[in-house]
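Novice: What follows is target09.txt, compact mmCIF, C-alpha atoms.
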# COMPACT_ATOMS: atom_id res chain seq x y z
CA GLN P 18 8.19 9.27 15.12
CA VAL P 19 7.28 6.36 12.88
CA GLN P 20 9.23 5.39 9.82
CA LEU P 21 7.82 3.37 6.94
CA VAL P 22 10.19 1.73 4.48
CA GLU P 23 9.00 0.07 1.28
CA SER P 24 10.91 -2.63 -0.54
CA GLY P 25 10.36 -5.18 -3.26
CA GLY P 26 9.88 -2.96 -6.27
CA GLY P 27 11.58 -3.65 -9.57
CA LEU P 28 11.16 -4.36 -13.25
CA LYS P 29 8.82 -7.10 -14.42
CA GLN P 30 7.26 -8.19 -17.67
CA ALA P 31 3.53 -8.02 -18.08
CA GLY P 32 1.86 -11.01 -16.50
CA GLY P 33 4.52 -11.33 -13.84
CA SER P 34 4.31 -10.91 -10.07
CA LEU P 35 5.95 -8.82 -7.40
CA ARG P 36 5.53 -8.58 -3.65
CA LEU P 37 6.03 -5.25 -1.98
CA SER P 38 6.79 -4.94 1.72
CA CYS P 39 6.35 -2.00 4.06
CA ALA P 40 8.22 -2.20 7.35
CA ALA P 41 7.27 0.13 10.20
CA SER P 42 9.76 1.20 12.85
CA GLY P 43 10.17 3.88 15.45
CA ARG P 44 7.93 4.53 18.40
CA THR P 45 5.53 1.72 19.17
CA PHE P 46 2.14 2.15 17.62
CA SER P 47 -0.58 0.03 16.19
CA ALA P 48 -1.72 1.41 12.89
CA THR P 49 -5.48 1.21 12.66
CA PHE P 50 -5.24 1.20 8.89
CA MET P 51 -2.37 0.76 6.50
CA GLY P 52 -2.57 1.37 2.83
CA TRP P 53 -0.81 1.42 -0.51
CA PHE P 54 -0.99 4.27 -2.98
CA ARG P 55 0.75 4.70 -6.31
CA GLN P 56 1.78 7.55 -8.52
CA ALA P 57 2.49 7.15 -12.21
CA PRO P 58 4.55 9.74 -14.10
CA GLY P 59 2.55 12.88 -14.70
CA LYS P 60 -0.42 11.64 -12.68
CA GLU P 61 -1.78 12.13 -9.21
CA ARG P 62 -1.21 9.67 -6.40
CA ASP P 63 -4.02 7.11 -6.36
CA PHE P 64 -5.35 4.66 -3.83
CA VAL P 65 -4.44 1.03 -4.44
CA ALA P 66 -5.39 -0.98 -1.35
CA ALA P 67 -5.85 -0.74 2.40
CA ILE P 68 -6.16 -3.07 5.35
CA ASN P 69 -7.45 -2.65 8.88
CA TRP P 70 -5.61 -3.59 12.07
CA SER P 71 -6.98 -7.13 12.29
CA GLY P 72 -6.36 -7.82 8.65
CA VAL P 73 -9.94 -8.93 8.15
CA GLY P 74 -10.99 -5.72 6.41
CA THR P 75 -9.35 -5.20 3.03
CA TYR P 76 -10.19 -2.62 0.39
CA TYR P 77 -9.06 -2.35 -3.21
CA ALA P 78 -9.19 0.01 -6.12
CA ASP P 79 -11.26 -1.43 -8.95
CA SER P 80 -8.21 -1.43 -11.21
CA VAL P 81 -6.35 -3.95 -9.04
CA LYS P 82 -9.19 -6.01 -7.57
CA GLY P 83 -8.63 -9.68 -8.22
CA ARG P 84 -4.95 -9.18 -9.10
CA PHE P 85 -3.47 -7.62 -5.96
CA ALA P 86 -3.71 -8.84 -2.37
CA ILE P 87 -2.90 -6.80 0.71
CA SER P 88 -1.92 -8.36 4.02
CA ARG P 89 -0.14 -7.45 7.23
CA ASP P 90 1.86 -9.14 9.96
CA ASN P 91 1.43 -7.09 13.12
CA ALA P 92 4.05 -9.13 14.99
CA ARG P 93 6.59 -8.01 12.41
CA ASN P 94 5.11 -4.51 11.92
CA THR P 95 5.06 -5.23 8.21
CA MET P 96 2.47 -4.87 5.48
CA TYR P 97 2.60 -6.58 2.10
CA LEU P 98 1.15 -6.11 -1.35
CA GLN P 99 1.18 -9.19 -3.55
CA MET P 100 0.82 -8.05 -7.14
CA ASN P 101 -0.07 -10.67 -9.74
CA SER P 102 -0.92 -10.46 -13.42
CA LEU P 103 0.97 -7.20 -13.65
CA GLU P 104 0.08 -4.83 -16.45
CA PRO P 105 2.08 -1.94 -17.94
CA GLU P 106 -0.55 0.36 -16.41
CA ASP P 107 0.66 -0.73 -12.97
CA THR P 108 3.94 1.10 -13.56
CA ALA P 109 4.29 3.68 -10.79
CA VAL P 110 6.04 4.58 -7.58
CA TYR P 111 4.25 2.70 -4.81
CA TYR P 112 3.92 4.30 -1.39
CA CYS P 113 2.83 2.75 1.86
CA ALA P 114 0.95 4.75 4.45
CA ALA P 115 -0.28 4.26 7.99
CA ARG P 116 -2.90 5.82 10.22
CA ALA P 117 -2.51 5.78 13.99
CA THR P 118 -6.04 6.54 15.15
CA PRO P 119 -9.45 5.04 14.29
CA ILE P 120 -11.26 6.29 11.21
CA LEU P 121 -14.30 5.34 9.22
CA ALA P 122 -13.50 2.78 6.57
CA THR P 123 -15.22 5.02 4.03
CA LEU P 124 -12.29 7.45 4.37
CA ILE P 125 -9.34 5.10 3.94
CA ARG P 126 -9.09 5.68 0.21
CA THR P 127 -8.13 9.31 0.83
CA GLN P 128 -4.47 10.32 1.17
CA THR P 129 -5.17 12.86 3.88
CA SER P 130 -6.50 10.09 6.14
CA TYR P 131 -2.98 8.80 6.71
CA ASP P 132 -0.44 10.08 9.22
CA TYR P 133 2.77 8.44 8.01
CA TRP P 134 4.23 7.75 4.59
CA GLY P 135 7.13 5.81 3.16
CA GLN P 136 9.54 7.12 0.56
CA GLY P 137 8.18 4.93 -2.22
CA THR P 138 9.44 2.06 -4.33
CA GLN P 139 9.45 1.97 -8.13
CA VAL P 140 7.51 -0.71 -9.96
CA THR P 141 7.99 -0.90 -13.72
CA VAL P 142 6.04 -3.33 -15.88
CA SER P 143 7.14 -3.81 -19.45
CA SER P 144 4.86 -4.99 -22.23
Hey, can you dump this file as structure tokens for me?
Specialist:
Amino acid sequence: QVQLVESGGGLKQAGGSLRLSCAASGRTFSATFMGWFRQAPGKERDFVAAINWSGVGTYYADSVKGRFAISRDNARNTMYLQMNSLEPEDTAVYYCAARATPILATLIRTQTSYDYWGQGTQVTVSS
């Protein structure tokens, strides 16, 4: 089994920055894709960003493009989400996810494409 643990959430003022981390542990595997999703109160869980195994392929939701940056360190089995220019609309529980087998990049924005999920970390942005 694979465990994903997010960290780095917290309370920030609008315009501030946060860096989320997602550490993978458990049986050895190389996630073909890892991603971040978020769920605001009363809303569905939405795609935020994803990254392929090499780290060269990155994908973003339009709402965070240019403000957030996803990266991964395979040697440390850790993925990151650098969040800059935070807005109150970014307030949500952020979840990391991982997929173990290859998949078309066109499908990585879909929750059901991922095999493993973390428990989430709260990000709150005040105005």
Novice: With distances taken over all atoms listed in the file, which of P:Lys29, P:Arg62, P:Arg55, P:Arg93 is nearest to Pro105 in chain P?
Specialist: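 Closest candidate: P:Lys29.
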Novice: Report as a ChimeraX atom specification all protein, DNA and RNA residues lying within 8 Å of range 75-82 of chain P, evaluated on only C-alpha atoms, omitting residues in the same chain fewer than 4 positions from it.
Specialist: /P:64-69,87
Novice: If we count only C-alpha atoms and set the cut-off at 8 Å, which residues sit around Tyr111 in chain P, ignoring sequence neighbours fewer than 3 positions away in its own chain? Please answer as a list in words.
Specialist: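 Answer for this query is Trp53, Phe54, Arg55, Gln56, Gly137, Thr138, Gln139 and Val140 of chain P.
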Novice: Which protein, DNA or RNA residues are at most 7 Å from (-0.4, -4.4, -7.6) in the file's coordinates when you count only C-alpha atoms, listed as an NGL selection string?
Specialist: :P and (81 or 84-85 or 98-101 or 103 or 107)
Novice: Mind writing the picked residues with C-alpha atoms as a CSV table (one decimal), keeping the file's coordinate frame?
Specialist:
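That gives us selection.csv:
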chain,number,residue,atom,x,y,z
P,81,VAL,CA,-6.4,-4.0,-9.0
P,84,ARG,CA,-5.0,-9.2,-9.1
P,85,PHE,CA,-3.5,-7.6,-6.0
P,98,LEU,CA,1.2,-6.1,-1.4
P,99,GLN,CA,1.2,-9.2,-3.6
P,100,MET,CA,0.8,-8.0,-7.1
P,101,ASN,CA,-0.1,-10.7,-9.7
P,103,LEU,CA,1.0,-7.2,-13.6
P,107,ASP,CA,0.7,-0.7,-13.0
Novice: Could you tell me which of P:Gly26, P:Gly83, P:Gly52, P:Pro58 comes closest to Tyr131 in chain P if we count all atoms listed in the file?
Specialist: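 The shortest atom-to-atom distance to Tyr131 in chain P comes from P:Gly52.
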Novice: With a distance cut-off of 6 Å and only C-alpha atoms, select the neighbouring residues of range 33-49 of chain P, excluding the residue or stretch itself and same-chain residues fewer than 2 positions from it, and output the selection as a ChimeraX atom specification.
Specialist: /P:18-25,30-31,69-70,94-103,115-119
Novice: Can you measure CA of Tyr112 in chain P to CA of Asn91 in chain P for me? One decimal in Å is fine.
Specialist: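 Those two atoms sit 18.6 Å apart.
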Novice: Rounded to one decimal place, report the CA of Gly74 in chain P-CA of Thr129 in chain P distance in Å.
Specialist: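 Straight-line distance from CA of Gly74 in chain P to CA of Thr129 in chain P works out to 19.6 Å.
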Novice: For Thr108 in chain P, which of P:Ser143, P:Met51, P:Lys60, P:Gly32 is the closest residue, counting all atoms listed in the file?
Specialist: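 Using all atoms listed in the file, the shortest distance to Thr108 in chain P belongs to P:Ser143.
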Novice: Quote the spacing between CA of Asp63 in chain P and CA of Thr127 in chain P in Å to one decimal place.
Specialist: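 About the pair CA of Asp63 in chain P and CA of Thr127 in chain P: they are 8.6 Å apart.
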